[in-house]
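Listing of final-v4.cif; format and content: mmCIF, C-alpha atoms.
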data_run
loop_
_atom_site.label_atom_id
_atom_site.label_comp_id
_atom_site.auth_asym_id
_atom_site.auth_seq_id
_atom_site.Cartn_x
_atom_site.Cartn_y
_atom_site.Cartn_z
CA MET A 1 -46.30 -40.24 -52.53
CA ASP A 2 -43.40 -41.30 -50.30
CA HIS A 3 -41.77 -38.74 -48.05
CA SER A 4 -38.29 -38.54 -46.59
CA ILE A 5 -37.60 -39.53 -43.01
CA LEU A 6 -36.88 -35.84 -42.31
CA PHE A 7 -40.38 -34.88 -43.45
CA SER A 8 -41.89 -37.67 -41.33
CA ILE A 9 -39.99 -36.50 -38.24
CA PHE A 10 -41.13 -32.94 -38.96
CA LEU A 11 -44.78 -34.03 -39.11
CA ILE A 12 -44.47 -36.13 -35.95
CA PHE A 13 -42.90 -33.50 -33.73
CA THR A 14 -44.74 -30.49 -35.11
CA GLY A 15 -48.04 -32.33 -34.84
CA ALA A 16 -47.10 -33.66 -31.40
CA ALA A 17 -46.27 -30.14 -30.20
CA ILE A 18 -49.64 -28.81 -31.40
CA LEU A 19 -51.70 -31.66 -29.94
CA ALA A 20 -49.68 -31.71 -26.72
CA THR A 21 -50.40 -27.99 -26.29
CA ALA A 22 -54.11 -28.63 -26.72
CA ALA A 23 -53.95 -31.61 -24.36
CA LEU A 24 -52.21 -29.64 -21.64
CA TYR A 25 -54.71 -26.78 -21.89
CA ALA A 26 -57.48 -29.38 -21.60
CA ARG A 27 -55.59 -31.02 -18.70
CA GLN A 28 -55.24 -34.31 -20.58
CA THR A 29 -52.27 -36.68 -20.86
CA VAL A 30 -49.85 -36.01 -23.73
CA ILE A 31 -49.27 -39.72 -24.41
CA VAL A 32 -52.82 -40.04 -25.76
CA ALA A 33 -52.14 -37.01 -28.00
CA TYR A 34 -49.15 -38.80 -29.55
CA ILE A 35 -51.19 -41.95 -30.23
CA LEU A 36 -54.10 -40.02 -31.75
CA LEU A 37 -51.68 -38.08 -33.96
CA GLY A 38 -50.32 -41.38 -35.29
CA MET A 39 -53.84 -42.60 -36.07
CA ALA A 40 -54.68 -39.33 -37.85
CA ILE A 41 -51.68 -38.95 -40.18
CA GLY A 42 -50.60 -42.60 -40.41
CA PRO A 43 -51.08 -44.88 -43.45
CA TYR A 44 -54.61 -45.98 -42.44
CA ALA A 45 -56.01 -42.41 -42.30
CA LEU A 46 -54.51 -39.35 -44.04
CA GLY A 47 -51.42 -41.28 -45.12
CA LEU A 48 -49.00 -38.40 -44.58
CA VAL A 49 -46.55 -40.78 -42.88
CA ARG A 50 -46.26 -44.15 -44.61
CA ASP A 51 -43.04 -45.86 -43.53
CA VAL A 52 -44.24 -46.95 -40.08
CA GLY A 53 -41.82 -49.90 -40.03
CA LEU A 54 -38.78 -47.62 -39.97
CA LEU A 55 -40.35 -45.48 -37.25
CA GLN A 56 -41.03 -48.57 -35.14
CA GLU A 57 -37.37 -49.54 -35.41
CA LEU A 58 -36.35 -46.04 -34.32
CA SER A 59 -38.86 -45.97 -31.47
CA HIS A 60 -37.46 -49.20 -30.03
CA VAL A 61 -34.32 -47.26 -29.11
CA GLY A 62 -36.44 -45.23 -26.70
CA ILE A 63 -37.43 -48.36 -24.80
CA VAL A 64 -33.76 -49.38 -24.63
CA PHE A 65 -32.76 -45.99 -23.17
CA LEU A 66 -35.69 -46.11 -20.74
CA LEU A 67 -34.51 -49.43 -19.29
CA PHE A 68 -30.90 -48.22 -19.15
CA LEU A 69 -31.86 -45.11 -17.19
CA LEU A 70 -33.97 -47.13 -14.77
CA GLY A 71 -31.06 -49.48 -14.20
CA LEU A 72 -28.90 -46.48 -13.29
CA ASN A 73 -31.31 -45.65 -10.45
CA LEU A 74 -31.54 -49.12 -8.90
CA HIS A 75 -28.99 -50.69 -6.55
CA PRO A 76 -28.15 -54.30 -7.57
CA GLN A 77 -28.60 -55.74 -4.05
CA ASP A 78 -32.04 -54.16 -3.61
CA LEU A 79 -33.19 -55.44 -6.99
CA TRP A 80 -31.97 -58.98 -6.26
CA ASN A 81 -34.03 -59.04 -3.07
CA MET A 82 -37.09 -57.91 -5.05
CA PHE A 83 -36.65 -60.63 -7.68
CA ARG A 84 -37.18 -63.34 -5.06
CA LYS A 85 -40.60 -61.90 -4.21
CA ALA A 86 -41.45 -61.00 -7.79
CA THR A 87 -40.98 -64.55 -9.11
CA VAL A 88 -44.06 -65.81 -7.27
CA VAL A 89 -46.08 -62.69 -8.11
CA THR A 90 -45.17 -62.86 -11.81
CA LEU A 91 -45.84 -66.57 -12.28
CA VAL A 92 -49.17 -66.55 -10.43
CA SER A 93 -50.44 -63.36 -12.07
CA SER A 94 -49.34 -64.50 -15.55
CA ALA A 95 -51.29 -67.75 -15.16
CA LEU A 96 -54.41 -65.89 -14.01
CA PHE A 97 -54.26 -63.32 -16.82
CA ALA A 98 -53.65 -66.02 -19.43
CA GLY A 99 -56.74 -67.85 -18.17
CA LEU A 100 -58.83 -64.69 -18.52
CA GLY A 101 -57.64 -64.19 -22.08
CA ILE A 102 -58.23 -67.81 -23.09
CA GLY A 103 -61.72 -67.83 -21.57
CA THR A 104 -62.69 -64.59 -23.31
CA ALA A 105 -61.40 -65.84 -26.66
CA TRP A 106 -63.35 -69.09 -26.38
CA LEU A 107 -66.47 -67.12 -25.45
CA PHE A 108 -66.27 -65.26 -28.76
CA GLY A 109 -65.65 -68.39 -30.83
CA TYR A 110 -61.90 -68.29 -31.44
CA ASN A 111 -60.18 -71.65 -31.92
CA THR A 112 -57.81 -73.17 -29.37
CA ALA A 113 -54.58 -71.91 -30.96
CA GLU A 114 -55.93 -68.36 -31.22
CA ALA A 115 -57.26 -68.52 -27.66
CA LEU A 116 -53.83 -69.57 -26.38
CA VAL A 117 -52.12 -66.67 -28.18
CA ILE A 118 -54.72 -64.19 -26.90
CA GLY A 119 -54.18 -65.59 -23.41
CA ALA A 120 -50.42 -65.18 -23.80
CA ALA A 121 -50.91 -61.55 -24.88
CA MET A 122 -52.88 -60.86 -21.70
CA MET A 123 -50.02 -62.03 -19.47
CA PHE A 124 -47.80 -58.97 -19.87
CA SER A 125 -47.88 -55.37 -18.67
CA SER A 126 -46.41 -52.44 -20.57
CA THR A 127 -42.81 -51.47 -19.88
CA ILE A 128 -43.44 -48.10 -21.49
CA ILE A 129 -46.55 -47.16 -19.50
CA GLY A 130 -45.30 -48.73 -16.27
CA LEU A 131 -41.92 -47.01 -16.26
CA LYS A 132 -42.24 -43.88 -18.42
CA LEU A 133 -44.87 -42.59 -15.97
CA LEU A 134 -42.87 -43.48 -12.85
CA PRO A 135 -40.89 -40.80 -10.97
CA SER A 136 -37.32 -41.88 -10.25
CA THR A 137 -36.07 -39.17 -7.89
CA VAL A 138 -38.37 -39.77 -4.91
CA LEU A 139 -37.31 -42.44 -2.40
CA HIS A 140 -40.79 -43.99 -2.22
CA HIS A 141 -40.93 -44.33 -5.98
CA GLN A 142 -37.47 -45.80 -6.16
CA HIS A 143 -38.85 -48.75 -4.20
CA THR A 144 -41.98 -48.75 -6.37
CA GLY A 145 -39.65 -48.85 -9.37
CA GLU A 146 -37.79 -51.84 -7.95
CA ILE A 147 -41.07 -53.73 -7.62
CA ILE A 148 -42.34 -52.81 -11.08
CA ILE A 149 -39.06 -53.44 -12.91
CA SER A 150 -38.64 -56.85 -11.25
CA VAL A 151 -42.07 -57.94 -12.51
CA LEU A 152 -41.54 -56.49 -15.99
CA LEU A 153 -38.14 -58.13 -16.47
CA LEU A 154 -39.47 -61.54 -15.42
CA GLN A 155 -42.38 -61.03 -17.81
CA ASP A 156 -39.80 -60.12 -20.44
CA LEU A 157 -38.13 -63.52 -20.04
CA ILE A 158 -41.51 -65.30 -20.34
CA ALA A 159 -42.28 -63.28 -23.46
CA ILE A 160 -38.97 -64.30 -25.05
CA LEU A 161 -39.84 -67.97 -24.52
CA ILE A 162 -43.25 -67.45 -26.14
CA LEU A 163 -41.68 -65.64 -29.10
CA LEU A 164 -39.21 -68.50 -29.52
CA LEU A 165 -42.09 -70.96 -29.53
CA LEU A 166 -43.92 -68.92 -32.19
CA HIS A 167 -40.75 -68.84 -34.29
CA GLY A 168 -40.62 -72.63 -34.03
CA LEU A 169 -44.26 -73.02 -35.03
CA GLY A 170 -43.55 -70.81 -38.01
CA GLY A 171 -41.02 -73.33 -39.30
CA GLU A 172 -37.83 -71.62 -38.14
CA ASN A 173 -35.08 -73.65 -36.52
CA ILE A 174 -35.72 -72.33 -33.03
CA GLY A 175 -37.03 -74.43 -30.19
CA TRP A 176 -36.65 -75.61 -26.64
CA GLN A 177 -32.91 -76.22 -27.01
CA GLN A 178 -32.34 -72.53 -27.66
CA ALA A 179 -34.72 -71.65 -24.82
CA ALA A 180 -32.57 -73.78 -22.50
CA MET A 181 -29.46 -72.03 -23.78
CA LEU A 182 -30.97 -68.67 -22.81
CA ALA A 183 -31.16 -69.82 -19.19
CA LEU A 184 -27.42 -70.44 -19.29
CA THR A 185 -26.63 -67.29 -21.28
CA LEU A 186 -28.20 -64.77 -18.92
CA PRO A 187 -25.89 -65.39 -15.90
CA GLY A 188 -22.81 -65.24 -18.15
CA PHE A 189 -24.03 -62.04 -19.74
CA MET A 190 -24.57 -60.43 -16.32
CA LEU A 191 -21.12 -61.53 -15.15
CA PHE A 192 -19.52 -60.01 -18.25
CA ALA A 193 -21.39 -56.72 -17.70
CA PHE A 194 -20.25 -56.33 -14.09
CA VAL A 195 -16.64 -57.43 -14.75
CA PHE A 196 -16.28 -55.10 -17.76
CA SER A 197 -17.86 -52.25 -15.82
CA ARG A 198 -15.59 -52.84 -12.81
CA PHE A 199 -12.27 -53.11 -14.63
CA VAL A 200 -12.76 -51.03 -17.79
CA LEU A 201 -15.75 -48.70 -17.70
CA THR A 202 -15.23 -47.48 -14.14
CA ARG A 203 -11.60 -46.56 -14.84
CA LEU A 204 -12.54 -44.66 -18.00
CA LEU A 205 -15.26 -42.75 -16.12
CA ALA A 206 -12.84 -41.87 -13.31
CA ARG A 207 -10.09 -40.79 -15.73
CA PHE A 208 -12.23 -38.51 -17.94
CA ASP A 209 -15.18 -37.59 -15.72
CA THR A 210 -14.63 -33.87 -16.30
CA ILE A 211 -15.18 -34.16 -20.07
CA HIS A 212 -18.96 -34.31 -20.24
CA GLU A 213 -19.17 -34.94 -23.97
CA TYR A 214 -17.01 -38.03 -23.57
CA ILE A 215 -19.13 -39.33 -20.67
CA PHE A 216 -22.24 -38.82 -22.81
CA LEU A 217 -20.77 -40.77 -25.74
CA LEU A 218 -19.40 -43.51 -23.50
CA ALA A 219 -22.79 -43.97 -21.83
CA ILE A 220 -24.61 -44.26 -25.17
CA GLY A 221 -22.01 -46.70 -26.49
CA TRP A 222 -22.21 -48.84 -23.35
CA CYS A 223 -26.03 -48.87 -23.37
CA LEU A 224 -26.50 -49.66 -27.06
CA GLY A 225 -23.53 -52.01 -27.17
CA MET A 226 -24.90 -54.13 -24.34
CA ALA A 227 -28.39 -54.04 -25.90
CA ALA A 228 -27.00 -55.26 -29.23
CA LEU A 229 -24.93 -57.98 -27.53
CA SER A 230 -27.97 -59.12 -25.56
CA GLU A 231 -30.03 -59.37 -28.73
CA ALA A 232 -27.25 -61.30 -30.49
CA LEU A 233 -27.23 -63.82 -27.61
CA GLY A 234 -30.98 -64.41 -27.94
CA LEU A 235 -32.04 -62.19 -25.06
CA SER A 236 -33.96 -58.95 -25.56
CA PRO A 237 -32.23 -55.56 -26.07
CA GLU A 238 -34.21 -54.25 -23.09
CA ILE A 239 -32.63 -56.79 -20.75
CA GLY A 240 -29.17 -55.90 -22.03
CA ALA A 241 -29.74 -52.17 -21.56
CA PHE A 242 -31.14 -52.65 -18.06
CA ILE A 243 -28.18 -54.80 -16.97
CA ALA A 244 -25.85 -52.17 -18.47
CA GLY A 245 -27.48 -49.55 -16.26
CA ILE A 246 -27.37 -51.71 -13.14
CA ALA A 247 -23.67 -52.39 -13.72
CA VAL A 248 -22.77 -48.70 -13.28
CA ALA A 249 -25.56 -47.73 -10.84
CA THR A 250 -23.17 -47.53 -7.88
CA GLU A 251 -20.87 -45.03 -9.63
CA PRO A 252 -21.19 -41.34 -8.57
CA ILE A 253 -21.34 -40.32 -12.23
CA SER A 254 -24.49 -42.39 -12.82
CA ARG A 255 -26.80 -39.49 -11.89
CA PHE A 256 -25.13 -37.21 -14.45
CA ILE A 257 -25.48 -39.91 -17.11
CA ALA A 258 -29.16 -40.34 -16.29
CA GLU A 259 -29.88 -36.62 -16.59
CA SER A 260 -27.90 -36.33 -19.83
CA LEU A 261 -29.78 -39.12 -21.60
CA LYS A 262 -33.34 -38.14 -20.61
CA PRO A 263 -33.93 -35.83 -23.63
CA LEU A 264 -32.67 -38.53 -25.99
CA ARG A 265 -34.99 -41.07 -24.36
CA ASP A 266 -37.98 -38.76 -24.67
CA PHE A 267 -37.30 -38.11 -28.36
CA PHE A 268 -37.53 -41.79 -29.22
CA LEU A 269 -40.51 -42.41 -26.92
CA VAL A 270 -42.56 -39.76 -28.75
CA VAL A 271 -41.82 -41.70 -31.94
CA PHE A 272 -42.86 -44.91 -30.18
CA PHE A 273 -46.32 -43.66 -29.21
CA PHE A 274 -46.82 -42.10 -32.63
CA SER A 275 -45.90 -45.35 -34.42
CA LEU A 276 -48.24 -47.26 -32.11
CA GLY A 277 -51.18 -45.20 -33.35
CA ALA A 278 -49.99 -45.09 -36.96
CA SER A 279 -49.62 -48.86 -37.28
CA PHE A 280 -53.20 -49.59 -36.22
CA ASP A 281 -55.80 -50.35 -38.93
CA LEU A 282 -58.94 -48.61 -37.70
CA ALA A 283 -61.29 -50.31 -40.17
CA ALA A 284 -60.10 -53.80 -39.20
CA GLY A 285 -60.25 -52.87 -35.53
CA MET A 286 -63.94 -52.01 -35.73
CA GLU A 287 -64.72 -55.64 -36.64
CA VAL A 288 -63.49 -56.82 -33.22
CA ILE A 289 -64.56 -53.87 -31.10
CA MET A 290 -66.75 -55.88 -28.69
CA PRO A 291 -64.28 -58.64 -27.70
CA ALA A 292 -61.43 -56.10 -27.66
CA ALA A 293 -63.38 -53.83 -25.29
CA ILE A 294 -64.10 -56.76 -22.95
CA LEU A 295 -60.47 -57.94 -23.06
CA ALA A 296 -59.27 -54.40 -22.34
CA ALA A 297 -61.78 -53.97 -19.50
CA LEU A 298 -60.58 -57.21 -17.90
CA ALA A 299 -56.97 -56.04 -18.06
CA LEU A 300 -57.80 -52.60 -16.66
CA LEU A 301 -60.03 -53.89 -13.85
CA VAL A 302 -58.58 -57.28 -12.87
CA LYS A 303 -54.84 -56.72 -13.24
CA PRO A 304 -54.64 -53.96 -10.59
CA LEU A 305 -56.61 -56.09 -8.12
CA VAL A 306 -54.51 -59.20 -8.72
CA PHE A 307 -51.19 -57.38 -8.40
CA ARG A 308 -52.41 -55.54 -5.32
CA GLY A 309 -53.45 -58.76 -3.60
CA LEU A 310 -50.28 -60.65 -4.51
CA TRP A 311 -47.92 -57.89 -3.36
CA ILE A 312 -49.79 -57.51 -0.08
CA ARG A 313 -49.26 -61.24 0.45
CA GLU A 314 -45.54 -60.65 -0.15
CA GLY A 315 -45.44 -58.10 2.68
CA GLU A 316 -45.80 -54.78 0.87
CA ASN A 317 -48.21 -52.19 2.30
CA ALA A 318 -51.65 -51.75 0.76
CA PRO A 319 -51.26 -48.23 -0.73
CA LEU A 320 -48.00 -49.11 -2.47
CA SER A 321 -49.40 -52.45 -3.69
CA GLY A 322 -52.47 -50.70 -5.05
CA GLU A 323 -50.34 -48.14 -6.89
CA VAL A 324 -48.15 -50.87 -8.39
CA GLY A 325 -51.29 -52.68 -9.54
CA VAL A 326 -52.65 -49.62 -11.36
CA ARG A 327 -49.27 -48.87 -12.95
CA LEU A 328 -49.13 -52.47 -14.28
CA GLY A 329 -52.81 -52.60 -15.21
CA GLN A 330 -52.63 -52.72 -19.02
CA ILE A 331 -51.56 -54.98 -21.90
CA SER A 332 -47.99 -54.78 -23.19
CA GLU A 333 -46.17 -53.69 -26.34
CA PHE A 334 -44.79 -57.25 -26.22
CA SER A 335 -48.37 -58.38 -26.89
CA LEU A 336 -48.35 -56.41 -30.15
CA LEU A 337 -45.19 -58.25 -31.19
CA ILE A 338 -46.77 -61.58 -30.27
CA ALA A 339 -49.87 -60.74 -32.33
CA VAL A 340 -47.82 -59.83 -35.42
CA LEU A 341 -45.48 -62.82 -35.16
CA ALA A 342 -48.31 -65.28 -34.53
CA LEU A 343 -50.10 -63.98 -37.63
CA LYS A 344 -46.95 -64.30 -39.76
CA SER A 345 -46.39 -67.82 -38.43
CA GLY A 346 -49.93 -68.83 -39.38
CA VAL A 347 -50.87 -69.68 -35.79
CA ILE A 348 -53.72 -67.15 -35.68
CA GLY A 349 -55.87 -65.34 -38.22
CA ALA A 350 -55.94 -61.63 -39.01
CA GLN A 351 -59.05 -61.06 -36.88
CA ALA A 352 -57.40 -62.47 -33.74
CA SER A 353 -54.32 -60.33 -34.40
CA HIS A 354 -56.46 -57.20 -34.74
CA LEU A 355 -58.26 -58.14 -31.52
CA ILE A 356 -54.98 -58.18 -29.55
CA GLN A 357 -53.80 -54.93 -31.14
CA LEU A 358 -57.04 -53.03 -30.43
CA ALA A 359 -57.30 -54.31 -26.84
CA THR A 360 -53.69 -53.26 -26.22
CA LEU A 361 -54.27 -49.82 -27.69
CA ILE A 362 -57.38 -49.28 -25.54
CA THR A 363 -55.51 -50.22 -22.37
CA PHE A 364 -52.61 -47.93 -23.29
CA ILE A 365 -54.94 -44.94 -23.58
CA VAL A 366 -57.12 -45.65 -20.53
CA SER A 367 -54.28 -46.79 -18.28
CA SER A 368 -52.19 -43.70 -19.02
CA TYR A 369 -55.20 -41.55 -18.07
CA LEU A 370 -55.68 -43.42 -14.80
CA ILE A 371 -52.03 -43.11 -13.82
CA VAL A 372 -51.51 -39.49 -14.86
CA LEU A 373 -54.67 -38.28 -13.14
CA ASN A 374 -54.20 -40.21 -9.88
CA TYR A 375 -50.49 -40.79 -9.21
CA PRO A 376 -47.24 -38.81 -9.38
CA THR A 377 -45.73 -38.85 -12.87
CA PRO A 378 -43.20 -36.74 -14.81
CA ILE A 379 -45.99 -35.58 -17.19
CA ALA A 380 -48.84 -35.04 -14.72
CA VAL A 381 -51.28 -32.27 -15.66
CA SER A 382 -51.51 -31.32 -11.97
CA ASP A 383 -48.58 -29.49 -10.35
CA LYS A 384 -49.27 -31.45 -7.16
CA LEU A 385 -48.68 -34.79 -8.90
CA ARG A 386 -45.81 -33.83 -11.19
CA ARG A 387 -42.60 -35.61 -10.17
CA ASP A 388 -39.55 -36.30 -12.33
#

Rewrite the coordinates I just gave you, this time as structure tokens.
Amino acid sequence: MDHSILFSIFLIFTGAAILATAALYARQTVIVAYILLGMAIGPYALGLVRDVGLLQELSHVGIVFLLFLLGLNLHPQDLWNMFRKATVVTLVSSALFAGLGIGTAWLFGYNTAEALVIGAAMMFSSTIIGLKLLPSTVLHHQHTGEIIISVLLLQDLIAILILLLLHGLGGENIGWQQAAMLALTLPGFMLFAFVFSRFVLTRLLARFDTIHEYIFLLAIGWCLGMAALSEALGLSPEIGAFIAGIAVATEPISRFIAESLKPLRDFFLVVFFFSLGASFDLAAGMEVIMPAAILAALALLVKPLVFRGLWIREGENAPLSGEVGVRLGQISEFSLLIAVLALKSGVIGAQASHLIQLATLITFIVSSYLIVLNYPTPIAVSDKLRRD
């Protein structure tokens, strides 16, 4: 039978609390506990939570808040300098990863269209894994964050172009003309964000900075408003939220805003990881276990090496480049969206879609283990590595 959203939230957070407790006692990462909980009580197993679509919509808010908070911790000038380096790194790495995906797909007998989509899915790294597990209060990791966010945002723009192409192949009136419009829209959107922040938002923050409830509401409205506007203009909500954060990053109140919104971010991110596990069809995934395992292994092994080598060539030191590579060494939640949209558009078959989904899920689980056990994170099981 169908349950209310209240009952679903109860199951998610009660179950997450129980599994997270067990995971912490066993010195394991809690992210994996959330994913496994989704698999266990989602529609493809026990079926206690059925409306995964609504949960996925809710969980997307967590990604928006995550990008907004990261924007609050990055200075615009520093990020602009990183983008110049990151353009080369992102384009070269994306081409290499796409080639790996296409070659693997052909090896297992997928047709050209399916191979191209699988290759496209391999191009991207996860915003959630890359940034949720990154400390923001340590100077070294602020620079690491600048590097990672510059790559992820450029990948975000590439992903939008691919999604537009898939929409066009599906018969919708979206094509290269709209893609060209996006290139003109982004600078105007950024200009609006900084002008509005400078002449409206900053004055409101200065006038009422002692009323914390108002600052909290204003920050949420600014974040979600810019995310919604970005989506309406054809960009992604994540880009809008990140630019909204950057626009007020130089304000003294930005640190208070960041601390205030962290619990709200974490609430929605728990729902995200749960819905990721709940939306996966285990039976269908077993049919593509071999190619998915190989695709996941390539992402986990090759991506860190490629990113490490490219960032060293751009002048970053070897330890930092290696850490960036590991933090970006997985497939992205954008890849899940590409898999679903390509299936709906008739570009790929169900088996190819399940292949992308299973490979992504494997990399999420393994990559989170590698990061949590080896690098500083806010949810590290070791006190030595725990950094917020």

### Task
Using all atoms listed in the file, find the one residue out of A:Leu152, A:Leu235, A:Met123, A:Leu385 that sits nearest to Ala86 (chain A).
A:Leu152

### Task
For CA of Ile148 (chain A) and CA of Leu19 (chain A), quote the distance in Å rounded to one decimal.
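CA of Leu19 (chain A) lies at a distance of 29.8 Å from CA of Ile148 (chain A).
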
### Query
Where does the PyMOL selection byres ((chain A and resi 250-252) around 12) land in this file, that is, which residues does it pick, as number ranges by chain?
A: 71-78, 194, 197-198, 201-206, 209, 244-249, 253-258

### Task
Report as a VMD selection string the residues that result from applying the PyMOL selection byres ((chain A and resi 25-31) around 12) to the structure here.
chain A and resid 15 to 24 32 to 38 128 to 129 132 to 133 266 269 to 277 361 364 to 374 377 to 383 386

### Task
Could you check how far CA of Phe68 (chain A) sits from CA of Ala241 (chain A), in Å to one decimal?
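Computing it gives 4.8 Å between the two atoms.
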
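Comparing A:Leu343, A:Ile289, A:Leu55, A:Leu66 by their smallest distance to Ala359 (chain A), the closest is A:Ile289 (using all atoms listed in the file).
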